[in-house]
Amino acid sequence: MQSHRAFYIFGFNVQNYLKIIRRLNCTLSNHHTAGILIIGDEILKAQVKDTNSHFISNLLYKCGVKVKKISVLSDDVDEIANEIRDFSRKYTHVITSGGIGPTHDDVTFEGLGKAFGCPLYYHPTLVDIVKNKFGVTSDSSPGFKLAYIPKEASLYFGVNHETGRPLAYPCIKLKNVCVFPGSPNFLRGSFGSLYNKLFGTNKNFVTTQVFLNAREEVFADALTSVSKEFPLVNFGSYPEFIHSYYRARITIESDTEAMTQKAKERFCSLIPTNILIDYDSSPMENVIMKYEHFLDNQKEKRNFYENSLRHIEYIYQDTDNVGIYFDSNVESTVMLHLAFVANKRILKNGNKLRLLCFQKETLSPADEDFLNQLIDTYNADIMLFKETPQKDIEVLKWKIPKLKFILVGAKSDVEKREIYNLKDDVLNGIKIEFPLMNWTDTDVWTFVRSLSLSYCPIYDKS
């Protein structure tokens with residue numbers, strides 16, 4: 001019979017020690033780690049808003065790399081060198097952004113070289129790029145700073161996804177440090193095409209979310225309890241004070257689908273069911289399927305909603321010269337989403353949607369943030385006009401000479417007159433279409449909230 005007695009060495013319980021080691025190994029899960037350095041005085045002075053760290057962190061998360069720290073540094077060689085050296089010891093990967101241009105304060109390469117005691121030199125490939133692609137002719141030009149890198153560094157060229165051609169300037173890598181540009185446009189192109197190659201792993205994070213209509217104190221005890229019950233699962237709680245759908249968001253993350261789902265089910269069993277919110281945080285994924293599901297749940301009004309979509313599909317059949325009148329109201333959001341679904345049903349990738357925004361006054365911060373969010377979400381182009389449609393119609397025809405249709409979200413003749421009151425000779429061939437005519441406020445809000453669509457916060461009281 002096998003003994004179950006504990007095994008001790010010098011009074012130390014070895015079995016308990018081994019359990020602790022196994023627990024730590026499971027907790028660490030061997031995920032690669034990363035530290036991000038955002039370099040530039042302009043960030044610290046709030047002259048430029050940092051968006052690069054968010055973009056980088058998002059893509060690293062997708063390929064199974066855990067970002068452990070983000071630092072924002074000034075344009076100081078010693079500070080950059082010290083932070084690179086420290087990060088390089090602590091993390092699997094170090095990513096820097098900024099400080100590699102031609103000006104006197106672009107000193108990232110100097111900091112990188114100093115961090116590892118590596119001298120700088122003019123890399124012949126980069127010299128050729130500076131001369132032939134950037135048009136720098138004089139050897140004394142500041143532009144040659146782009147070619148002056150640590151001697152032991154390697155070059156990694158990203159690829160332009162649209163053209164399939166290599167990008168003009170590479171990522172510079174020395175040891176486990178990868179240097180990327182600070183300009184968001186260049187950073188997105190370079191990092192976006194290289195992150196899988198440079199940082200890809202065979203591990204992933206499995207994350208789910210729970211949305212609650214309650215303050216944190218209502219479910220805090222349940223969250224504490226489940227976090228102890230599932231020590232290998234990461235839980236996060238994020239209160240939301242202005243969101244239109246929920247008041248708190250819980251994230252649940254582990255290395256496996258089974259563990260994440262089990263932890264979610266356990267947490268939900270410990271909280272009141274009436275605070276759970278059915279919210280879709282990714283309404284644009286499988287957008288046609290979700291629209292069809294919405295119709296299935298609207299049996300009495302299925303044809304009503306579908307007729308509006310067919311109206312829009314008919315307009316988009318023969319032309320992509322369609323503008324969507326947009327004024328940030330909820331009906332504009334409905335119109336935009338219907339146009340997106342219509343384009344997806346007609347063409348797999350859809351046409352580029354064009355928003356026509358008429359604003360007499362400067363956009364409020366809420367309107368501007370919302371508009372930028374929609375442009376990203378729907379991959380839409382926007383044209384801003386300073387007056388009303390009536391006053392700007394000539395400018396509109398000049399800017400978009402082939403414009404044939406304008407979709408407007410008016411629901412009644414009264415709204416129709418308020419927005420457009422133009423004679424045919426003024427429109428000169430442009431047709432104004434109103435696919436939402438006879439929609440009620442209930443129809444609008446049923447559509448928006450059933451599909452978890454974002455809308456401008458100023459309409460939340462509706």
# chains A, B, ... in the order shown; residues from 1 in each chain; ligands from 1
>>> select_by_dssp(residues="range 104-207 of chain A", states="strand (DSSP E)", output="MDAnalysis selection string")
chainID A and resid 120:122 148:150 154:156 171:174 177:180 206:207
>>> residues_around(residues="Phe434 in chain A", least_positions_apart="4", cutoff="12 Å", atoms="only C-alpha atoms", output="list in words")
Ser308, Leu309, His311, Ile312, Ile315, Ile324, Tyr325, Glu331, Ser332, Met335, Phe405, Ile406, Leu407, Val408, Gly409, Ala410, Lys411, Ser412, Asp413, Glu415, Lys416, Arg417, Ile419, Tyr420, Asn438 and Trp439 of chain A
>>> select_by_dssp(residues="range 126-246 of chain A", states="helix (DSSP H, G or I)", output="number ranges by chain")
A: 126-132, 142-147, 184-199, 216-229
>>> atom_distance(atom1="CA of Leu120 in chain A", atom2="CA of Glu83 in chain A")
18.8 Å
>>> atom_distance(atom1="CA of His31 in chain A", atom2="CA of Glu229 in chain A")
22.2 Å
>>> atom_distance(atom1="CA of Ala147 in chain A", atom2="CA of Leu60 in chain A")
27.4 Å
>>> residues_around(residues="range 177-186 of chain A", least_positions_apart="2", cutoff="7 Å", atoms="only C-alpha atoms", output="PyMOL selection string")
chain A and resi 52+88+93-100+171-175+188-190
>>> residues_around(residues="Ala168 in chain A", least_positions_apart="2", cutoff="10 Å", atoms="only C-alpha atoms", output="list in words")
Leu126, Ile129, Val130, Lys133, Phe134, Phe157, Gly158, Val159, Asn160, Arg165, Pro166, Pro170, Phe186 and Ser190 of chain A
>>> residues_around(residues="His123 in chain A", least_positions_apart="6", cutoff="9 Å", atoms="only C-alpha atoms", output="list in words")
Ala147, Tyr148, Ile149, Pro150 and Lys151 of chain A
>>> closest_atom_pairs(of="range 32-126 of chain A", to="range 255-275 of chain A", cutoff="12 Å", atoms="only C-alpha atoms", output="tab-separated table")
residue	atom	partner	partner_atom	distance
A:Gly64	CA	A:Asp255	CA	9.5
A:Val65	CA	A:Asp255	CA	11.9
A:Lys66	CA	A:Asp255	CA	11.9
>>> write_last_selection(atoms="N, CA and C atoms", output="mmCIF file, in the first residue's frame")
data_model
loop_
_atom_site.group_PDB
_atom_site.id
_atom_site.type_symbol
_atom_site.label_atom_id
_atom_site.label_comp_id
_atom_site.auth_asym_id
_atom_site.auth_seq_id
_atom_site.Cartn_x
_atom_site.Cartn_y
_atom_site.Cartn_z
ATOM 1 N N GLY A 64 -1.090 36.550 -28.719
ATOM 2 C CA GLY A 64 -0.732 35.842 -27.501
ATOM 3 C C GLY A 64 0.402 36.435 -26.702
ATOM 4 N N VAL A 65 0.697 37.707 -26.892
ATOM 5 C CA VAL A 65 1.770 38.367 -26.150
ATOM 6 C C VAL A 65 1.143 39.275 -25.093
ATOM 7 N N LYS A 66 1.607 39.147 -23.859
ATOM 8 C CA LYS A 66 1.052 39.935 -22.757
ATOM 9 C C LYS A 66 1.889 41.202 -22.559
#
>>> residues_around(residues="Tyr195 in chain A", least_positions_apart="3", cutoff="10 Å", atoms="only C-alpha atoms", output="short mmCIF file (atom, residue, chain, number, x, y, z; two decimals) with C-alpha atoms, in the first residue's frame")
data_model
loop_
_atom_site.label_atom_id
_atom_site.label_comp_id
_atom_site.auth_asym_id
_atom_site.auth_seq_id
_atom_site.Cartn_x
_atom_site.Cartn_y
_atom_site.Cartn_z
CA ILE A 56 0.37 47.93 -30.67
CA LEU A 59 -2.26 43.39 -32.04
CA LEU A 60 0.14 41.90 -29.51
CA LYS A 62 -4.20 38.95 -30.63
CA CYS A 63 -1.02 36.96 -31.13
CA GLY A 158 6.72 45.22 -43.89
CA SER A 190 4.80 48.78 -40.55
CA PHE A 191 3.69 47.18 -37.29
CA GLY A 192 0.42 45.96 -38.79
CA LEU A 198 8.05 39.22 -35.30
CA PHE A 199 5.87 38.44 -32.29
CA GLY A 200 3.48 35.64 -33.26
#
